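Data file: final_25.pdb. Format and content: PDB, C-alpha atoms and all ligand atoms.
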```
ATOM      1  CA  MET A  26      96.888 149.762 121.488  1.00  0.00           C
ATOM      2  CA  ARG A  27      95.033 151.406 118.644  1.00  0.00           C
ATOM      3  CA  GLN A  28      95.464 150.438 115.031  1.00  0.00           C
ATOM      4  CA  HIS A  29      97.334 152.780 112.712  1.00  0.00           C
ATOM      5  CA  VAL A  30      95.956 153.256 109.246  1.00  0.00           C
ATOM      6  CA  ASN A  31      98.360 153.524 106.360  1.00  0.00           C
ATOM      7  CA  PRO A  32      97.965 157.037 104.913  1.00  0.00           C
ATOM      8  CA  LEU A  33      99.870 155.945 101.800  1.00  0.00           C
ATOM      9  CA  SER A  34      97.408 153.187 100.899  1.00  0.00           C
ATOM     10  CA  ARG A  35      95.434 153.620  97.686  1.00  0.00           C
ATOM     11  CA  PHE A  36      92.192 154.235  99.593  1.00  0.00           C
ATOM     12  CA  PHE A  37      93.656 157.148 101.535  1.00  0.00           C
ATOM     13  CA  GLN A  38      95.117 158.744  98.414  1.00  0.00           C
ATOM     14  CA  ILE A  39      91.646 159.685  97.159  1.00  0.00           C
ATOM     15  CA  GLU A  40      90.794 163.305  97.866  1.00  0.00           C
ATOM     16  CA  SER A  41      87.803 163.822 100.182  1.00  0.00           C
ATOM     17  CA  GLU A  42      85.489 166.595  99.129  1.00  0.00           C
ATOM     18  CA  LEU A  43      85.437 168.762 102.207  1.00  0.00           C
ATOM     19  CA  PRO A  44      82.708 171.355 102.760  1.00  0.00           C
ATOM     20  CA  GLN A  45      83.414 175.080 102.734  1.00  0.00           C
ATOM     21  CA  PRO A  46      83.363 176.983 106.062  1.00  0.00           C
ATOM     22  CA  SER A  47      80.102 178.627 104.913  1.00  0.00           C
ATOM     23  CA  GLU A  48      78.514 175.144 104.857  1.00  0.00           C
ATOM     24  CA  LEU A  49      80.012 174.189 108.213  1.00  0.00           C
ATOM     25  CA  PHE A  50      79.396 177.122 110.508  1.00  0.00           C
ATOM     26  CA  GLU A  51      76.557 179.316 111.618  1.00  0.00           C
ATOM     27  CA  ASN A  52      78.894 182.321 111.741  1.00  0.00           C
ATOM     28  CA  HIS A  53      81.474 181.634 109.069  1.00  0.00           C
ATOM     29  CA  SER A  54      83.203 184.990 109.379  1.00  0.00           C
ATOM     30  CA  LEU A  55      84.909 183.955 112.652  1.00  0.00           C
ATOM     31  CA  PRO A  56      88.621 183.074 112.643  1.00  0.00           C
ATOM     32  CA  ILE A  57      89.308 179.355 112.212  1.00  0.00           C
ATOM     33  CA  HIS A  58      91.594 177.001 114.146  1.00  0.00           C
ATOM     34  CA  LEU A  59      92.450 173.716 112.391  1.00  0.00           C
ATOM     35  CA  ASP A  60      93.625 170.709 114.428  1.00  0.00           C
ATOM     36  CA  LEU A  61      95.322 168.142 112.165  1.00  0.00           C
ATOM     37  CA  GLY A  62      95.057 164.600 113.553  1.00  0.00           C
ATOM     38  CA  CYS A  63      92.450 165.468 116.180  1.00  0.00           C
ATOM     39  CA  ALA A  64      91.583 161.827 117.046  1.00  0.00           C
ATOM     40  CA  ARG A  65      88.543 161.692 119.375  1.00  0.00           C
ATOM     41  CA  GLY A  66      88.469 165.498 119.487  1.00  0.00           C
ATOM     42  CA  ARG A  67      88.321 166.200 123.217  1.00  0.00           C
ATOM     43  CA  PHE A  68      90.731 169.162 122.893  1.00  0.00           C
ATOM     44  CA  LEU A  69      88.530 170.862 120.304  1.00  0.00           C
ATOM     45  CA  LEU A  70      85.284 170.005 122.101  1.00  0.00           C
ATOM     46  CA  ASN A  71      86.637 171.910 125.109  1.00  0.00           C
ATOM     47  CA  MET A  72      88.072 174.760 123.039  1.00  0.00           C
ATOM     48  CA  ALA A  73      84.861 175.255 121.063  1.00  0.00           C
ATOM     49  CA  SER A  74      82.744 175.265 124.241  1.00  0.00           C
ATOM     50  CA  ALA A  75      84.988 177.839 125.900  1.00  0.00           C
ATOM     51  CA  HIS A  76      85.672 180.112 122.894  1.00  0.00           C
ATOM     52  CA  ARG A  77      82.489 180.814 120.982  1.00  0.00           C
ATOM     53  CA  ASN A  78      84.196 183.594 119.000  1.00  0.00           C
ATOM     54  CA  TRP A  79      86.294 181.048 117.061  1.00  0.00           C
ATOM     55  CA  ASN A  80      85.396 178.295 114.625  1.00  0.00           C
ATOM     56  CA  TYR A  81      87.234 174.976 114.980  1.00  0.00           C
ATOM     57  CA  ILE A  82      87.784 172.108 112.570  1.00  0.00           C
ATOM     58  CA  GLY A  83      89.339 168.787 113.543  1.00  0.00           C
ATOM     59  CA  PHE A  84      90.629 166.463 110.816  1.00  0.00           C
ATOM     60  CA  ASP A  85      91.447 162.802 111.269  1.00  0.00           C
ATOM     61  CA  ILE A  86      92.157 159.854 109.020  1.00  0.00           C
ATOM     62  CA  ARG A  87      90.340 157.402 111.326  1.00  0.00           C
ATOM     63  CA  GLU A  88      86.671 157.585 110.477  1.00  0.00           C
ATOM     64  CA  THR A  89      85.322 155.923 113.628  1.00  0.00           C
ATOM     65  CA  LEU A  90      86.980 158.580 115.782  1.00  0.00           C
ATOM     66  CA  VAL A  91      85.575 161.368 113.633  1.00  0.00           C
ATOM     67  CA  VAL A  92      82.077 159.851 113.852  1.00  0.00           C
ATOM     68  CA  SER A  93      82.296 159.620 117.674  1.00  0.00           C
ATOM     69  CA  ALA A  94      83.640 163.164 117.941  1.00  0.00           C
ATOM     70  CA  GLU A  95      80.826 164.447 115.720  1.00  0.00           C
ATOM     71  CA  GLU A  96      78.228 162.654 117.883  1.00  0.00           C
ATOM     72  CA  GLU A  97      79.537 164.383 120.970  1.00  0.00           C
ATOM     73  CA  ARG A  98      79.683 167.733 119.188  1.00  0.00           C
ATOM     74  CA  ASN A  99      76.019 167.299 118.244  1.00  0.00           C
ATOM     75  CA  GLN A 100      75.042 166.429 121.809  1.00  0.00           C
ATOM     76  CA  LEU A 101      76.797 169.579 123.018  1.00  0.00           C
ATOM     77  CA  ASN A 102      75.123 171.672 120.306  1.00  0.00           C
ATOM     78  CA  LEU A 103      78.405 173.265 119.252  1.00  0.00           C
ATOM     79  CA  ASP A 104      77.810 175.165 116.028  1.00  0.00           C
ATOM     80  CA  ASN A 105      81.387 176.524 115.959  1.00  0.00           C
ATOM     81  CA  LEU A 106      83.038 173.099 115.634  1.00  0.00           C
ATOM     82  CA  LYS A 107      83.168 170.391 112.980  1.00  0.00           C
ATOM     83  CA  PHE A 108      85.096 167.141 112.654  1.00  0.00           C
ATOM     84  CA  LEU A 109      86.040 165.972 109.174  1.00  0.00           C
ATOM     85  CA  PHE A 110      87.303 162.582 108.037  1.00  0.00           C
ATOM     86  CA  CYS A 111      90.182 162.797 105.564  1.00  0.00           C
ATOM     87  CA  ASN A 112      93.858 162.262 104.958  1.00  0.00           C
ATOM     88  CA  VAL A 113      95.184 165.783 105.502  1.00  0.00           C
ATOM     89  CA  ASN A 114      98.152 165.026 103.254  1.00  0.00           C
ATOM     90  CA  VAL A 115      95.783 164.581 100.335  1.00  0.00           C
ATOM     91  CA  SER A 116      92.735 166.736 101.066  1.00  0.00           C
ATOM     92  CA  LEU A 117      93.910 169.751 103.035  1.00  0.00           C
ATOM     93  CA  ASP A 118      95.722 171.602 100.250  1.00  0.00           C
ATOM     94  CA  PRO A 119      92.829 171.634  97.743  1.00  0.00           C
ATOM     95  CA  TRP A 120      90.439 172.608 100.535  1.00  0.00           C
ATOM     96  CA  LEU A 121      92.676 175.444 101.767  1.00  0.00           C
ATOM     97  CA  SER A 122      93.109 176.694  98.221  1.00  0.00           C
ATOM     98  CA  ARG A 123      89.325 176.975  97.822  1.00  0.00           C
ATOM     99  CA  ILE A 124      88.399 178.736 101.062  1.00  0.00           C
ATOM    100  CA  LYS A 125      88.850 182.398 101.916  1.00  0.00           C
ATOM    101  CA  SER A 126      92.561 182.415 102.569  1.00  0.00           C
ATOM    102  CA  ASN A 127      92.618 184.766 105.511  1.00  0.00           C
ATOM    103  CA  SER A 128      90.153 182.846 107.675  1.00  0.00           C
ATOM    104  CA  VAL A 129      92.541 180.205 109.079  1.00  0.00           C
ATOM    105  CA  LYS A 130      94.503 181.784 111.910  1.00  0.00           C
ATOM    106  CA  ILE A 131      95.803 178.773 113.849  1.00  0.00           C
ATOM    107  CA  VAL A 132      96.879 175.294 112.774  1.00  0.00           C
ATOM    108  CA  SER A 133      97.836 172.735 115.429  1.00  0.00           C
ATOM    109  CA  ILE A 134      99.574 169.401 114.982  1.00  0.00           C
ATOM    110  CA  GLN A 135      99.619 167.690 118.353  1.00  0.00           C
ATOM    111  CA  PHE A 136     101.349 164.395 119.063  1.00  0.00           C
ATOM    112  CA  PRO A 137     101.387 163.308 115.426  1.00  0.00           C
ATOM    113  CA  ASP A 138     102.040 159.606 114.835  1.00  0.00           C
ATOM    114  CA  PRO A 139     105.808 159.241 115.148  1.00  0.00           C
ATOM    115  CA  TRP A 140     106.312 156.491 112.523  1.00  0.00           C
ATOM    116  CA  PHE A 141     109.663 155.572 114.045  1.00  0.00           C
ATOM    117  CA  LYS A 142     111.053 153.218 111.403  1.00  0.00           C
ATOM    118  CA  MET A 143     113.076 154.954 108.703  1.00  0.00           C
ATOM    119  CA  ARG A 144     111.016 153.365 105.931  1.00  0.00           C
ATOM    120  CA  HIS A 145     107.840 154.688 107.564  1.00  0.00           C
ATOM    121  CA  LYS A 146     109.019 158.288 107.946  1.00  0.00           C
ATOM    122  CA  LYS A 147     107.337 159.232 104.687  1.00  0.00           C
ATOM    123  CA  ARG A 148     104.005 158.636 106.449  1.00  0.00           C
ATOM    124  CA  ARG A 149     104.544 161.511 108.865  1.00  0.00           C
ATOM    125  CA  VAL A 150     101.865 164.181 108.709  1.00  0.00           C
ATOM    126  CA  LEU A 151     104.127 167.206 108.410  1.00  0.00           C
ATOM    127  CA  ASN A 152     105.803 166.565 105.070  1.00  0.00           C
ATOM    128  CA  SER A 153     107.066 169.041 102.494  1.00  0.00           C
ATOM    129  CA  SER A 154     103.761 169.257 100.593  1.00  0.00           C
ATOM    130  CA  LEU A 155     101.746 169.981 103.719  1.00  0.00           C
ATOM    131  CA  LEU A 156     104.206 172.603 104.908  1.00  0.00           C
ATOM    132  CA  PHE A 157     104.246 174.275 101.499  1.00  0.00           C
ATOM    133  CA  SER A 158     100.454 174.268 101.447  1.00  0.00           C
ATOM    134  CA  LEU A 159     100.342 175.966 104.868  1.00  0.00           C
ATOM    135  CA  ALA A 160     102.926 178.521 103.717  1.00  0.00           C
ATOM    136  CA  LYS A 161     100.908 179.185 100.568  1.00  0.00           C
ATOM    137  CA  ASN A 162      97.543 179.531 102.260  1.00  0.00           C
ATOM    138  CA  LEU A 163      98.170 181.089 105.667  1.00  0.00           C
ATOM    139  CA  ASP A 164      98.373 184.849 106.073  1.00  0.00           C
ATOM    140  CA  GLU A 165     101.268 186.593 107.736  1.00  0.00           C
ATOM    141  CA  GLY A 166     100.994 186.230 111.522  1.00  0.00           C
ATOM    142  CA  SER A 167      98.982 182.970 111.456  1.00  0.00           C
ATOM    143  CA  LYS A 168     100.210 180.452 113.996  1.00  0.00           C
ATOM    144  CA  LEU A 169     101.423 176.891 113.614  1.00  0.00           C
ATOM    145  CA  PHE A 170     101.475 175.089 116.982  1.00  0.00           C
ATOM    146  CA  LEU A 171     103.335 171.802 117.399  1.00  0.00           C
ATOM    147  CA  GLN A 172     103.658 169.469 120.348  1.00  0.00           C
ATOM    148  CA  THR A 173     104.912 165.927 120.800  1.00  0.00           C
ATOM    149  CA  ASP A 174     106.547 163.723 123.412  1.00  0.00           C
ATOM    150  CA  ILE A 175     109.092 162.403 120.902  1.00  0.00           C
ATOM    151  CA  LEU A 176     112.162 164.630 120.644  1.00  0.00           C
ATOM    152  CA  ASP A 177     113.165 163.159 117.284  1.00  0.00           C
ATOM    153  CA  VAL A 178     109.763 164.084 115.857  1.00  0.00           C
ATOM    154  CA  MET A 179     109.977 167.634 117.204  1.00  0.00           C
ATOM    155  CA  GLU A 180     113.514 168.139 115.948  1.00  0.00           C
ATOM    156  CA  GLY A 181     112.538 166.719 112.570  1.00  0.00           C
ATOM    157  CA  MET A 182     109.593 169.129 112.276  1.00  0.00           C
ATOM    158  CA  ASN A 183     111.707 172.051 113.479  1.00  0.00           C
ATOM    159  CA  ASN A 184     114.584 171.453 111.085  1.00  0.00           C
ATOM    160  CA  PHE A 185     112.169 171.069 108.288  1.00  0.00           C
ATOM    161  CA  ILE A 186     110.178 174.240 109.035  1.00  0.00           C
ATOM    162  CA  ASP A 187     113.294 176.312 109.699  1.00  0.00           C
ATOM    163  CA  ALA A 188     114.718 175.249 106.341  1.00  0.00           C
ATOM    164  CA  SER A 189     111.548 176.403 104.577  1.00  0.00           C
ATOM    165  CA  ASN A 190     112.028 180.063 105.673  1.00  0.00           C
ATOM    166  CA  PHE A 191     108.261 180.679 105.614  1.00  0.00           C
ATOM    167  CA  PHE A 192     107.718 180.437 109.384  1.00  0.00           C
ATOM    168  CA  GLU A 193     109.494 181.942 112.363  1.00  0.00           C
ATOM    169  CA  ARG A 194     109.743 180.652 115.902  1.00  0.00           C
ATOM    170  CA  LYS A 195     108.405 182.626 118.797  1.00  0.00           C
ATOM    171  CA  ASP A 196     111.661 182.106 120.618  1.00  0.00           C
ATOM    172  CA  ASN A 197     114.986 181.174 119.185  1.00  0.00           C
ATOM    173  CA  ASP A 198     115.692 178.398 121.646  1.00  0.00           C
ATOM    174  CA  LYS A 199     116.487 175.540 119.320  1.00  0.00           C
ATOM    175  CA  LYS A 200     117.046 172.900 121.997  1.00  0.00           C
ATOM    176  CA  LEU A 201     114.663 173.308 124.873  1.00  0.00           C
ATOM    177  CA  PHE A 202     111.139 173.418 123.404  1.00  0.00           C
ATOM    178  CA  SER A 203     110.073 173.929 126.988  1.00  0.00           C
ATOM    179  CA  MET A 204     107.216 176.383 126.568  1.00  0.00           C
ATOM    180  CA  ASP A 205     103.919 175.835 128.365  1.00  0.00           C
ATOM    181  CA  ASN A 206     100.868 174.886 126.410  1.00  0.00           C
ATOM    182  CA  PRO A 207      99.402 178.198 125.165  1.00  0.00           C
ATOM    183  CA  PHE A 208      95.905 176.668 125.144  1.00  0.00           C
ATOM    184  CA  PRO A 209      93.815 176.119 128.265  1.00  0.00           C
ATOM    185  CA  PHE A 210      92.973 172.483 127.380  1.00  0.00           C
ATOM    186  CA  SER A 211      95.041 169.386 126.730  1.00  0.00           C
ATOM    187  CA  THR A 212      94.666 166.706 124.089  1.00  0.00           C
ATOM    188  CA  GLU A 213      94.053 163.085 125.107  1.00  0.00           C
ATOM    189  CA  ARG A 214      97.630 162.131 124.273  1.00  0.00           C
ATOM    190  CA  GLU A 215      99.002 165.138 126.145  1.00  0.00           C
ATOM    191  CA  LYS A 216      97.128 164.124 129.310  1.00  0.00           C
ATOM    192  CA  TYR A 217      98.463 160.581 129.028  1.00  0.00           C
ATOM    193  CA  VAL A 218     102.055 161.779 128.518  1.00  0.00           C
ATOM    194  CA  ILE A 219     101.879 164.205 131.437  1.00  0.00           C
ATOM    195  CA  LYS A 220     100.417 161.492 133.691  1.00  0.00           C
ATOM    196  CA  LYS A 221     103.366 159.257 132.811  1.00  0.00           C
ATOM    197  CA  ALA A 222     105.712 162.167 133.681  1.00  0.00           C
ATOM    198  CA  LYS A 223     107.205 162.101 130.196  1.00  0.00           C
ATOM    199  CA  PRO A 224     108.490 165.338 128.605  1.00  0.00           C
ATOM    200  CA  VAL A 225     106.401 167.350 126.169  1.00  0.00           C
ATOM    201  CA  TYR A 226     108.172 169.351 123.456  1.00  0.00           C
ATOM    202  CA  ARG A 227     106.284 172.356 122.127  1.00  0.00           C
ATOM    203  CA  GLN A 228     106.894 175.076 119.592  1.00  0.00           C
ATOM    204  CA  ILE A 229     104.909 177.909 118.022  1.00  0.00           C
ATOM    205  CA  TYR A 230     105.707 179.270 114.594  1.00  0.00           C
ATOM    206  CA  PHE A 231     104.330 182.381 112.957  1.00  0.00           C
ATOM    207  CA  ARG A 232     103.869 182.714 109.213  1.00  0.00           C
ATOM    208  CA  ASN A 233     106.271 185.447 108.128  1.00  0.00           C
ATOM    209  CA  SER A 234     105.952 187.885 105.220  1.00  0.00           C
ATOM    210  CA  ILE A 235     108.047 185.909 102.737  1.00  0.00           C
ATOM    211  CA  LYS A 236     105.944 185.214  99.648  1.00  0.00           C
ATOM    212  CA  VAL A 237     105.651 181.683  98.284  1.00  0.00           C
TER
HETATM  213  C1  LIG T   1      98.992 159.972 118.252  1.00  0.00           C
HETATM  214  S1  LIG T   1      97.404 160.521 117.711  1.00  0.00           S
HETATM  215  C2  LIG T   1      97.226 162.071 118.596  1.00  0.00           C
HETATM  216  C3  LIG T   1      95.812 162.546 118.628  1.00  0.00           C
HETATM  217  C4  LIG T   1      95.570 163.910 119.260  1.00  0.00           C
HETATM  218  N1  LIG T   1      96.158 164.984 118.458  1.00  0.00           N
HETATM  219  C5  LIG T   1      96.112 163.950 120.661  1.00  0.00           C
HETATM  220  O1  LIG T   1      97.121 164.664 120.891  1.00  0.00           O
HETATM  221  O2  LIG T   1      95.552 163.280 121.543  1.00  0.00           O
HETATM  222  C6  LIG T   1      97.684 161.058 116.027  1.00  0.00           C
HETATM  223  C7  LIG T   1      96.385 161.214 115.257  1.00  0.00           C
HETATM  224  O3  LIG T   1      96.693 161.704 113.943  1.00  0.00           O
HETATM  225  C8  LIG T   1      95.867 161.025 113.003  1.00  0.00           C
HETATM  226  N2  LIG T   1      96.535 161.078 111.695  1.00  0.00           N
HETATM  227  C9  LIG T   1      97.716 160.502 111.363  1.00  0.00           C
HETATM  228  N3  LIG T   1      98.003 160.723 110.073  1.00  0.00           N
HETATM  229  C10 LIG T   1      96.979 161.480 109.570  1.00  0.00           C
HETATM  230  C11 LIG T   1      96.699 162.028 108.292  1.00  0.00           C
HETATM  231  N4  LIG T   1      97.542 161.861 107.268  1.00  0.00           N
HETATM  232  N5  LIG T   1      95.550 162.737 108.138  1.00  0.00           N
HETATM  233  C12 LIG T   1      94.709 162.920 109.177  1.00  0.00           C
HETATM  234  N6  LIG T   1      94.918 162.421 110.414  1.00  0.00           N
HETATM  235  C13 LIG T   1      96.040 161.705 110.612  1.00  0.00           C
HETATM  236  C14 LIG T   1      95.754 159.616 113.572  1.00  0.00           C
HETATM  237  O4  LIG T   1      94.636 158.916 113.061  1.00  0.00           O
HETATM  238  C15 LIG T   1      95.638 159.901 115.060  1.00  0.00           C
HETATM  239  O5  LIG T   1      94.301 160.038 115.477  1.00  0.00           O
END
```
Take the structure in the file and write it out as structure tokens.
Amino acid sequence: MRQHVNPLSRFFQIESELPQPSELFENHSLPIHLDLGCARGRFLLNMASAHRNWNYIGFDIRETLVVSAEEERNQLNLDNLKFLFCNVNVSLDPWLSRIKSNSVKIVSIQFPDPWFKMRHKKRRVLNSSLLFSLAKNLDEGSKLFLQTDILDVMEGMNNFIDASNFFERKDNDKKLFSMDNPFPFSTEREKYVIKKAKPVYRQIYFRNSIKV
């Protein structure tokens, strides 16, 4: 069992100064895919190797995982991928506000920590500030991809996003969430869940034209 970190602790409330895409990538005009809570980064390592016409950034609040992911990225010489250590609930909004707004085309949140207990729900990654920040900074048509094995987490995210009115679902099936993974690679957690024959709930949203 891995250790959770408490994103609400004082230490994790300090904004990390994240570099601009121009400092991160050889070709910084490529579209960007952000993976929030990327852990050890295997999904993005595969994606970045297979799709050299995209830039990828993985964010995680556990520094040791980010360091290991970065080591592997270096060994693979991937100049279209970067892993950054931060609390996305604190550092993503100021970073998104500073970069060229139309460069981020996909944001994924995959198997976010469920934080089951009611008093811990405020630690969930997709909260109102993060959603508002994505609405504010993503262009019309940008995608928000979600997957989890916990139905309560998926329904919570769905209700929340639907209520915001800034994103629309690809399909209107509110119950099933049974779409296939649109990406050719799985995350570590996804592989584990599939091996255990547990269900995976997925949903894709598109940023609509409603102005913030
Ligand atoms: C259950 S793991 C899933 C990892 C990966 N997405 C996968 O599917 O295999 C959730 C990840 O989100 C990270 N995380 C949780 N809260 C975060 C936050 N506020 N900012 C950045 N990362 C966070 C955790 O450290 C953890 O690595």
Evaluate the PyMOL selection byres (((chain A and resi 70-76) around 12) and not hetatm) on the structure here and hand back the selected residues as a PDB file with C-alpha atoms, in the coordinates of the input.
```pdb
ATOM      1  CA  LEU A  55      84.909 183.955 112.652  1.00  0.00           C
ATOM      2  CA  PRO A  56      88.621 183.074 112.643  1.00  0.00           C
ATOM      3  CA  ILE A  57      89.308 179.355 112.212  1.00  0.00           C
ATOM      4  CA  HIS A  58      91.594 177.001 114.146  1.00  0.00           C
ATOM      5  CA  LEU A  59      92.450 173.716 112.391  1.00  0.00           C
ATOM      6  CA  ASP A  60      93.625 170.709 114.428  1.00  0.00           C
ATOM      7  CA  CYS A  63      92.450 165.468 116.180  1.00  0.00           C
ATOM      8  CA  ALA A  64      91.583 161.827 117.046  1.00  0.00           C
ATOM      9  CA  ARG A  65      88.543 161.692 119.375  1.00  0.00           C
ATOM     10  CA  GLY A  66      88.469 165.498 119.487  1.00  0.00           C
ATOM     11  CA  ARG A  67      88.321 166.200 123.217  1.00  0.00           C
ATOM     12  CA  PHE A  68      90.731 169.162 122.893  1.00  0.00           C
ATOM     13  CA  LEU A  69      88.530 170.862 120.304  1.00  0.00           C
ATOM     14  CA  ARG A  77      82.489 180.814 120.982  1.00  0.00           C
ATOM     15  CA  ASN A  78      84.196 183.594 119.000  1.00  0.00           C
ATOM     16  CA  TRP A  79      86.294 181.048 117.061  1.00  0.00           C
ATOM     17  CA  ASN A  80      85.396 178.295 114.625  1.00  0.00           C
ATOM     18  CA  TYR A  81      87.234 174.976 114.980  1.00  0.00           C
ATOM     19  CA  ILE A  82      87.784 172.108 112.570  1.00  0.00           C
ATOM     20  CA  GLY A  83      89.339 168.787 113.543  1.00  0.00           C
ATOM     21  CA  SER A  93      82.296 159.620 117.674  1.00  0.00           C
ATOM     22  CA  ALA A  94      83.640 163.164 117.941  1.00  0.00           C
ATOM     23  CA  GLU A  95      80.826 164.447 115.720  1.00  0.00           C
ATOM     24  CA  GLU A  96      78.228 162.654 117.883  1.00  0.00           C
ATOM     25  CA  GLU A  97      79.537 164.383 120.970  1.00  0.00           C
ATOM     26  CA  ARG A  98      79.683 167.733 119.188  1.00  0.00           C
ATOM     27  CA  ASN A  99      76.019 167.299 118.244  1.00  0.00           C
ATOM     28  CA  GLN A 100      75.042 166.429 121.809  1.00  0.00           C
ATOM     29  CA  LEU A 101      76.797 169.579 123.018  1.00  0.00           C
ATOM     30  CA  ASN A 102      75.123 171.672 120.306  1.00  0.00           C
ATOM     31  CA  LEU A 103      78.405 173.265 119.252  1.00  0.00           C
ATOM     32  CA  ASP A 104      77.810 175.165 116.028  1.00  0.00           C
ATOM     33  CA  ASN A 105      81.387 176.524 115.959  1.00  0.00           C
ATOM     34  CA  LEU A 106      83.038 173.099 115.634  1.00  0.00           C
ATOM     35  CA  LYS A 107      83.168 170.391 112.980  1.00  0.00           C
ATOM     36  CA  PHE A 108      85.096 167.141 112.654  1.00  0.00           C
ATOM     37  CA  PHE A 208      95.905 176.668 125.144  1.00  0.00           C
ATOM     38  CA  PRO A 209      93.815 176.119 128.265  1.00  0.00           C
ATOM     39  CA  PHE A 210      92.973 172.483 127.380  1.00  0.00           C
ATOM     40  CA  SER A 211      95.041 169.386 126.730  1.00  0.00           C
ATOM     41  CA  THR A 212      94.666 166.706 124.089  1.00  0.00           C
ATOM     42  CA  GLU A 213      94.053 163.085 125.107  1.00  0.00           C
TER      43      GLU A 213
END
```
For this session: Run the PyMOL selection byres (((chain A and resi 215) around 10) and not hetatm) mentally over the shown coordinates, then write out the matched residues as JSON, numbers by chain, using the chain letters and numbers from the document.
Result: {"A": [68, 135, 136, 172, 173, 174, 206, 210, 211, 212, 213, 214, 216, 217, 218, 219, 220, 221, 223, 224, 225]}
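Comparing the minimum interatomic distances between Leu117 (chain A) and each of A:Val150, A:Met179, A:Ile229, A:Met204, counting only C-alpha atoms, we find that A:Val150 sits nearest.
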Exercise. Any chance you could work out the residue set of the PyMOL selection byres (((chain A and resi 164-168) around 10) and not hetatm) here, as an MDAnalysis selection string?
Worked result: chainID A and resid 58 126:133 159:163 169:171 191:195 229:236
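CA of Cys111 (chain A) is positioned 15.8 Å from CA of Ser154 (chain A).
Here CA of Leu151 (chain A) stands at a distance of 9.3 Å from CA of Ile186 (chain A).
Going from CA of Glu42 (chain A) to CA of Val113 (chain A) covers 11.6 Å.
Of the residues under consideration (A:Gln38, A:Thr89, A:Ser47, A:Ser153), A:Ser153 shows the shortest atom-to-atom contact distance to Ala188 (chain A) when counting all atoms listed in the file.
Comparing the minimum interatomic distances between ligand LIG 1 (chain T) and each of A:Val91, A:Asp138, A:His53, A:Ser34, counting only C-alpha atoms and all ligand atoms, we find that A:Asp138 sits nearest.
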Any chance you could model N, CA and C atoms for region 112-126 of chain A and send them as a PDB file, in the frame of the given file?
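Written file, result-v7.pdb:
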```
ATOM      1  N   ASN A 112      92.402 162.288 104.850  1.00  0.00           N
ATOM      2  CA  ASN A 112      93.858 162.262 104.958  1.00  0.00           C
ATOM      3  C   ASN A 112      94.321 163.694 104.691  1.00  0.00           C
ATOM      4  N   VAL A 113      94.821 164.370 105.710  1.00  0.00           N
ATOM      5  CA  VAL A 113      95.184 165.783 105.502  1.00  0.00           C
ATOM      6  C   VAL A 113      96.271 165.944 104.442  1.00  0.00           C
ATOM      7  N   ASN A 114      97.079 164.910 104.250  1.00  0.00           N
ATOM      8  CA  ASN A 114      98.152 165.026 103.254  1.00  0.00           C
ATOM      9  C   ASN A 114      97.628 164.997 101.824  1.00  0.00           C
ATOM     10  N   VAL A 115      96.382 164.613 101.676  1.00  0.00           N
ATOM     11  CA  VAL A 115      95.783 164.581 100.335  1.00  0.00           C
ATOM     12  C   VAL A 115      94.734 165.684 100.189  1.00  0.00           C
ATOM     13  N   SER A 116      93.939 165.895 101.222  1.00  0.00           N
ATOM     14  CA  SER A 116      92.735 166.736 101.066  1.00  0.00           C
ATOM     15  C   SER A 116      92.854 168.149 101.612  1.00  0.00           C
ATOM     16  N   LEU A 117      93.870 168.409 102.437  1.00  0.00           N
ATOM     17  CA  LEU A 117      93.910 169.751 103.035  1.00  0.00           C
ATOM     18  C   LEU A 117      94.278 170.828 102.020  1.00  0.00           C
ATOM     19  N   ASP A 118      95.263 170.560 101.182  1.00  0.00           N
ATOM     20  CA  ASP A 118      95.722 171.602 100.250  1.00  0.00           C
ATOM     21  C   ASP A 118      94.613 172.074  99.301  1.00  0.00           C
ATOM     22  N   PRO A 119      93.897 171.138  98.627  1.00  0.00           N
ATOM     23  CA  PRO A 119      92.829 171.634  97.743  1.00  0.00           C
ATOM     24  C   PRO A 119      91.741 172.371  98.501  1.00  0.00           C
ATOM     25  N   TRP A 120      91.460 171.928  99.730  1.00  0.00           N
ATOM     26  CA  TRP A 120      90.439 172.608 100.535  1.00  0.00           C
ATOM     27  C   TRP A 120      90.912 174.013 100.913  1.00  0.00           C
ATOM     28  N   LEU A 121      92.145 174.120 101.391  1.00  0.00           N
ATOM     29  CA  LEU A 121      92.676 175.444 101.767  1.00  0.00           C
ATOM     30  C   LEU A 121      92.705 176.381 100.574  1.00  0.00           C
ATOM     31  N   SER A 122      93.026 175.844  99.415  1.00  0.00           N
ATOM     32  CA  SER A 122      93.109 176.694  98.221  1.00  0.00           C
ATOM     33  C   SER A 122      91.744 177.245  97.823  1.00  0.00           C
ATOM     34  N   ARG A 123      90.674 176.535  98.217  1.00  0.00           N
ATOM     35  CA  ARG A 123      89.325 176.975  97.822  1.00  0.00           C
ATOM     36  C   ARG A 123      88.701 177.960  98.804  1.00  0.00           C
ATOM     37  N   ILE A 124      89.105 177.895 100.090  1.00  0.00           N
ATOM     38  CA  ILE A 124      88.399 178.736 101.062  1.00  0.00           C
ATOM     39  C   ILE A 124      89.035 180.120 101.125  1.00  0.00           C
ATOM     40  N   LYS A 125      88.315 181.035 101.788  1.00  0.00           N
ATOM     41  CA  LYS A 125      88.850 182.398 101.916  1.00  0.00           C
ATOM     42  C   LYS A 125      90.165 182.323 102.685  1.00  0.00           C
ATOM     43  N   SER A 126      91.233 182.748 102.039  1.00  0.00           N
ATOM     44  CA  SER A 126      92.561 182.415 102.569  1.00  0.00           C
ATOM     45  C   SER A 126      92.855 183.024 103.934  1.00  0.00           C
TER      46      SER A 126
END
```
